[in-house]
Every structure is written in structure tokens, then in C-alpha cells.
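Student: This is the structure I want to talk about, given as C-alpha cells.
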Amino acid sequence: MRRLREAIGVAVGDANRAVSEVAGAFEVSWPTAHAAFVEVADRELGPPAPVRVLGIDETRRGKPRWEQHPTTGKWVLVDRWYSGFVDLDGTQGLLGQVLGRASADVVGWLHAQGGTFCERVEFVAIDPCAAYRRAARQALPQAQVVVDHFHLVRLANAAVTAVRQRVTWDNRGRRGRKIDPEWTNRRRLLTGPERLTHQRFQTMWNACLDADPSGQILTAWIAKEELRALLATARRGGHRHDISHRLYRFYTWCATADIPEVTRLAQTVEDWWPEIEAFCKTGITNAKTEGINRLIKDVARRACGFRNPDNQRRRVRYFCTRQSRRSTASHETMPG
């Protein structure tokens, strides 16, 4: 019977199968299959160990819902977002989740881990989220906050798109269409020039010159590439003189362009510069956290949704720690 419960729990957790599917396969009831998984998960999952590099990101659990407060009886809007914590430097995977994405939610989870856990964190990788930055500074004052470069490039691409759309409205009085050169090359404007052939790059450049006599689209595109060049200093060692040179080029170009969307991009970089500089020097990214988010969504999809937040957090963390549990098991079985 114990081996049966173990097999059911592994089938639900490691194989990421719905409880109803596993219950049907093993010819047991849903509560029996769920209880078997809970037994296995609670035995394997323990408090997270201290980490050196911590990743924080949000994951949507569902749509916002109105729920009645159990004490006051008032109807309150419940945030349907989870804040996840990931070990970026080790093999623990997902350390835990907390319901909500406000700074108080993140601070509460960090304080619950104890003083030793908080003191050992040296770097915190986040998206450009003010709430997460505020929480990291409050709960982890000794840690260096690092902003993920992928989202900065995403903001730059959004600025290029906004300029292209505005120019189209100003010149044509309508949205872009297939017959418009700037609309036809919209994807190439968001692609790095190193990934374009010489012919495609030349086609994009000439088409934007013909469609936009003011040159605002290509000016915004150059600002985007200057930001990418600034972030690329992380791959060259993050030397101070290299970072300063690229930052000066980016700010100078944005100031000379005098385009509202480009100016806002430069202001964002200025507001987040300590965290951006930390990325340029360390090269720490939140890519592992984004991969964990994909697994979290896959668990929810396989389970056809969750009604119980505790069940969801248990299923998600168990599935997202497969690598660490497998490596530990193989290490323990090796002959001494």
C-alpha cells in the first residue's frame, strides 16, 4: 500500500498529471489520490535553504474576484496574482509563492523565512517593478537589486512601436495597413540588426525613410539600439569606462532626438540606473524565473485550474523542484 501511495504521488507531482486522471489510472478515488500526493509532497518539500541570488517575479493565478471578508463581512477585491521566489544561483528551483504582488506581500514572505535567510541574500533580480524594489530594499537592505535586461529591451521596443503608430496617425490619419511601408517593416524594427541580412536591413531602412520624412521612427530605433549596446556591456565584463561611454551615447542621442516616447525611455533608465548598472557589472538575469513561470502555467493548465491556493502552491513547488530532488537522490545513492 505504501508503494502504491508513492507511485500515485509521483504520478501527480513529477509527471504533472491531473489528480482525476491519476485516480482513474490507479482505480482509486480522487480524495485518495490527492491525499497520496500531499503525503509525498509534504515529505519532500521543506523550508527553503538560504540563497545568494534571489529572483522575484509575478504570475497570474486567475481573474480578480470579489470575496467576503470572514471577519468584517465586507466584500473586498482579491488580487489574483502570485509572487514567486526562485533560487537563481543554486538548484532549489522555486522557493515559494505568496498571494499578491504588493511590497507588503513580498516583505511578509521574506520575513517569514527568518533572519539567516535574509542575511545570506546578496543579489535580488527583478523586473522594473517599483513594489518589488521597495520590498527588496526594506527586507534585504544589504542585497543589491538587479533589473532584468530583457524587460528593458521590451520597453525600448514598445517606444519604437509607439513612435511608429503615432507617425502613421499624423501622416495618414488612420492606423497602419499592409500597404504602408512602416507597417510592413514593423517586425524588423523590433529585431536586432545582427539578426537581419544586409538586404532586409537596407529594405527596412529605406522604407522608413520614405514613409517618415521627419525621421522619428529611425531615430527611436537608434535609441533602442543604443540601449541594447549599453546592456551588452555585461557580456564584455561590465567595465566602468565601457558602461560610462555607452550610457553617455544613449543619453546624448535621446536628448538630441527630443521625441516624447524616447524621452520617457531615457527617464525610465535614469530612474532605474543603479539597478541597470548592477546588471551591467554582474550579468545577473531573471531568465530562470521566467522559465519557472512557464512551468507554473503548465501545472495550472494540466490541473484544469485550482480552487484551493494551498493545493496550487504545493503542486507548483513540487513540480518546479524536480531537478534539485533528483540530483539529491542520485547523490545519496552514490557509493561512499
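A note on labels: chains of the C-alpha cells are A, B, ... as shown, every chain counts residues from 1, and ligands are counted from 1 in their shown order.
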Counting only C-alpha atoms, which residues in stretch 127-200 of chain A sit no more than 12 Å from stretch 50-70 of chain A? For each one, give the nearest pair of atoms and the distance in Å, sorted by chain then residue number, as JSON lines.
Tutor:
```
{"residue": "A:Asp127", "atom": "CA", "partner": "A:Asp57", "partner_atom": "CA", "distance": 7.0}
{"residue": "A:Pro128", "atom": "CA", "partner": "A:Asp57", "partner_atom": "CA", "distance": 10.2}
{"residue": "A:Cys129", "atom": "CA", "partner": "A:Asp57", "partner_atom": "CA", "distance": 9.1}
{"residue": "A:Ala131", "atom": "CA", "partner": "A:Asp57", "partner_atom": "CA", "distance": 11.0}
{"residue": "A:Tyr132", "atom": "CA", "partner": "A:Ile56", "partner_atom": "CA", "distance": 7.5}
{"residue": "A:Arg133", "atom": "CA", "partner": "A:Ile56", "partner_atom": "CA", "distance": 9.8}
{"residue": "A:Ala135", "atom": "CA", "partner": "A:Ile56", "partner_atom": "CA", "distance": 10.4}
{"residue": "A:Ala136", "atom": "CA", "partner": "A:Ile56", "partner_atom": "CA", "distance": 9.5}
{"residue": "A:Leu140", "atom": "CA", "partner": "A:Leu54", "partner_atom": "CA", "distance": 10.5}
{"residue": "A:Gln142", "atom": "CA", "partner": "A:Arg52", "partner_atom": "CA", "distance": 11.6}
{"residue": "A:Ala143", "atom": "CA", "partner": "A:Val53", "partner_atom": "CA", "distance": 9.0}
{"residue": "A:Gln144", "atom": "CA", "partner": "A:Val53", "partner_atom": "CA", "distance": 9.5}
{"residue": "A:Val145", "atom": "CA", "partner": "A:Leu54", "partner_atom": "CA", "distance": 9.6}
{"residue": "A:Val146", "atom": "CA", "partner": "A:Gly55", "partner_atom": "CA", "distance": 9.4}
{"residue": "A:Val147", "atom": "CA", "partner": "A:Gly55", "partner_atom": "CA", "distance": 10.1}
{"residue": "A:Asp148", "atom": "CA", "partner": "A:Gly55", "partner_atom": "CA", "distance": 9.9}
{"residue": "A:His151", "atom": "CA", "partner": "A:Asp57", "partner_atom": "CA", "distance": 12.0}
```
Student: Name the residues of stretch 61-263 of chain A that fall into alpha helix (DSSP H) according to DSSP on the backbone, using the chain letters and numbers of this document, as a PyMOL selection string.
Tutor: chain A and resi 103-112+115-120+130-139+149-172+181-184+186-189+198-211+216-231+240-257+260-263
Student: Which polymer residues have any atom within 12 Å of an atom of A:His239, counting only C-alpha atoms, with same-chain residues fewer than 2 positions away left out, as a list in words?
Tutor: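 Once the nearby chain positions are removed, what remains is Leu230, Leu231, Ala232, Thr233, Ala234, Arg235, Arg236, Gly237, His241, Asp242, Ile243, Ser244, His245, Arg246, Glu277, Ala278, Phe279, Cys280, Lys281, Thr282 and Gly283 of chain A.
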Student: If you keep N, CA and C atoms, can you produce a file of those selected residues as a short mmCIF file (atom, residue, chain, number, x, y, z; two decimals), in the first residue's frame?
Tutor:
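Wrote it out as again-v2.cif, contents follow:
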```cif
data_model
loop_
_atom_site.label_atom_id
_atom_site.label_comp_id
_atom_site.auth_asym_id
_atom_site.auth_seq_id
_atom_site.Cartn_x
_atom_site.Cartn_y
_atom_site.Cartn_z
N LEU A 230 24.30 49.45 -24.60
CA LEU A 230 24.63 49.69 -23.19
C LEU A 230 24.49 48.41 -22.37
N LEU A 231 23.42 47.67 -22.59
CA LEU A 231 23.20 46.43 -21.85
C LEU A 231 24.19 45.35 -22.27
N ALA A 232 24.68 45.43 -23.49
CA ALA A 232 25.63 44.42 -23.97
C ALA A 232 26.98 44.53 -23.28
N THR A 233 27.23 45.61 -22.54
CA THR A 233 28.49 45.71 -21.81
C THR A 233 28.62 44.62 -20.75
N ALA A 234 27.51 44.03 -20.34
CA ALA A 234 27.57 42.93 -19.37
C ALA A 234 28.29 41.72 -19.95
N ARG A 235 28.20 41.52 -21.27
CA ARG A 235 28.87 40.39 -21.90
C ARG A 235 30.36 40.65 -22.11
N ARG A 236 30.78 41.90 -21.97
CA ARG A 236 32.19 42.24 -22.15
C ARG A 236 32.90 42.49 -20.83
N GLY A 237 32.27 42.07 -19.74
CA GLY A 237 32.91 42.19 -18.43
C GLY A 237 32.39 43.31 -17.57
N HIS A 241 34.55 52.07 -17.63
CA HIS A 241 34.71 53.02 -18.73
C HIS A 241 33.80 52.66 -19.91
N ASP A 242 33.60 51.36 -20.15
CA ASP A 242 32.73 50.93 -21.24
C ASP A 242 31.28 51.30 -20.93
N ILE A 243 30.85 51.08 -19.70
CA ILE A 243 29.48 51.42 -19.30
C ILE A 243 29.26 52.93 -19.41
N SER A 244 30.20 53.71 -18.92
CA SER A 244 30.05 55.17 -18.96
C SER A 244 29.97 55.69 -20.39
N HIS A 245 30.79 55.13 -21.26
CA HIS A 245 30.78 55.56 -22.67
C HIS A 245 29.44 55.27 -23.32
N ARG A 246 28.92 54.07 -23.13
CA ARG A 246 27.65 53.70 -23.74
C ARG A 246 26.48 54.46 -23.13
N GLU A 277 22.87 49.41 -13.76
CA GLU A 277 24.33 49.34 -13.64
C GLU A 277 24.75 48.04 -12.95
N ALA A 278 23.95 47.60 -11.98
CA ALA A 278 24.26 46.32 -11.32
C ALA A 278 24.19 45.16 -12.31
N PHE A 279 23.23 45.21 -13.23
CA PHE A 279 23.18 44.16 -14.26
C PHE A 279 24.39 44.23 -15.17
N CYS A 280 24.77 45.43 -15.59
CA CYS A 280 25.91 45.56 -16.49
C CYS A 280 27.19 45.03 -15.85
N LYS A 281 27.31 45.13 -14.54
CA LYS A 281 28.52 44.67 -13.86
C LYS A 281 28.47 43.19 -13.51
N THR A 282 27.28 42.65 -13.23
CA THR A 282 27.17 41.26 -12.78
C THR A 282 26.63 40.32 -13.85
N GLY A 283 25.81 40.83 -14.76
CA GLY A 283 25.21 39.97 -15.78
C GLY A 283 24.11 39.07 -15.25
#
```
Student: May I have all residues of stretch 125-331 of chain A that DSSP, computed from the backbone, assigns to strand (DSSP E or B), given as a PyMOL selection string?
Tutor: chain A and resi 125-126+144-147
Student: For atom CA of A:Ala303 and atom CA of A:Ser20, quote the distance in Å rounded to one decimal.
Tutor: 8.8 Å
Student: Between A:Arg313, A:Gly24, A:Ala125, A:Leu88, which one has atoms that come closest to A:Val38, using only C-alpha atoms?
Tutor: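 Closest to A:Val38, using only C-alpha atoms: A:Arg313.
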Student: Compile the contact shell of A:Ala35 as a list of chain:residue names: residues with an atom at most 9 Å away, counting only C-alpha atoms, same-chain residues fewer than 4 positions apart removed.
Tutor: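 Returned residues: A:Arg5, A:Gly9, A:Trp30, A:Pro31, A:Glu39, A:Val40.
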Student: Generate a file of the selected residues that holds N, CA and C atoms, formatted as an mmCIF file, in the first residue's frame.
Tutor:
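New file result28.cif:
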```
data_model
loop_
_atom_site.group_PDB
_atom_site.id
_atom_site.type_symbol
_atom_site.label_atom_id
_atom_site.label_comp_id
_atom_site.auth_asym_id
_atom_site.auth_seq_id
_atom_site.Cartn_x
_atom_site.Cartn_y
_atom_site.Cartn_z
ATOM 1 N N ARG A 5 0.829 4.338 -2.781
ATOM 2 C CA ARG A 5 0.685 5.768 -2.497
ATOM 3 C C ARG A 5 1.865 6.545 -3.062
ATOM 4 N N GLY A 9 1.557 9.519 -5.828
ATOM 5 C CA GLY A 9 2.078 10.863 -5.576
ATOM 6 C C GLY A 9 3.074 11.309 -6.624
ATOM 7 N N TRP A 30 -10.717 10.231 -6.094
ATOM 8 C CA TRP A 30 -9.965 11.494 -6.159
ATOM 9 C C TRP A 30 -9.381 11.873 -4.807
ATOM 10 N N PRO A 31 -10.132 11.821 -3.698
ATOM 11 C CA PRO A 31 -9.527 12.155 -2.396
ATOM 12 C C PRO A 31 -8.350 11.255 -2.048
ATOM 13 N N GLU A 39 0.885 13.582 0.863
ATOM 14 C CA GLU A 39 1.827 12.865 1.726
ATOM 15 C C GLU A 39 3.239 12.895 1.137
ATOM 16 N N VAL A 40 3.349 12.642 -0.149
ATOM 17 C CA VAL A 40 4.659 12.650 -0.795
ATOM 18 C C VAL A 40 5.243 14.061 -0.825
#
```
Student: Determine the nearest neighbour of A:Ile259 from the options A:Asn171, A:Thr203, A:Gln216, A:Gln312, counting only C-alpha atoms.
Tutor: A:Gln216
Student: My list of candidates is A:Gln165, A:Leu152, A:Arg188, A:Ala15. Which is closest to A:Ala266 when distances are computed with only C-alpha atoms?
Tutor: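 That would be A:Leu152, the residue with the smallest distance to A:Ala266.
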Student: Applying 9 Å and only C-alpha atoms, which residues near A:Gln97 remain after dropping the ones on its own chain fewer than 4 positions away? List them as a list in words.
Tutor: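 Those residues are Tyr82, Ser83, Gly84, Phe85, Trp109, Arg313 and Arg317 of chain A.
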Student: May I have the residues from that selection written out with C-alpha atoms, as a PDB file, in the first residue's frame?
Tutor:
```
ATOM      1  CA  TYR A  82       1.228  35.252  -7.114  1.00  0.00           C
ATOM      2  CA  SER A  83       4.716  36.500  -6.317  1.00  0.00           C
ATOM      3  CA  GLY A  84       7.249  33.712  -6.783  1.00  0.00           C
ATOM      4  CA  PHE A  85      10.733  33.399  -5.291  1.00  0.00           C
ATOM      5  CA  TRP A 109       7.227  36.159   2.872  1.00  0.00           C
ATOM      6  CA  ARG A 313       1.296  26.267  -4.194  1.00  0.00           C
ATOM      7  CA  ARG A 317       6.557  23.990  -5.912  1.00  0.00           C
TER       8      ARG A 317
END
```
Student: Have a look at atom CA of A:Ala158 and atom CA of A:Arg175 and let me know their distance in Å, one decimal.
Tutor: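 That distance, rounded to one decimal, is 16.5 Å.
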Student: Between A:Ile222, A:Val124, A:Leu295, A:Leu77, which residue has the minimum interatomic distance to A:Asp14, considering only C-alpha atoms?
Tutor: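 Closest candidate: A:Leu295.
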Student: Pick the closest to A:Trp272 from A:Arg174, A:Gly73, A:Ala130, A:Gly115: which is it, counting only C-alpha atoms?
Tutor: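 Distance minimum relative to A:Trp272 lands on A:Ala130.
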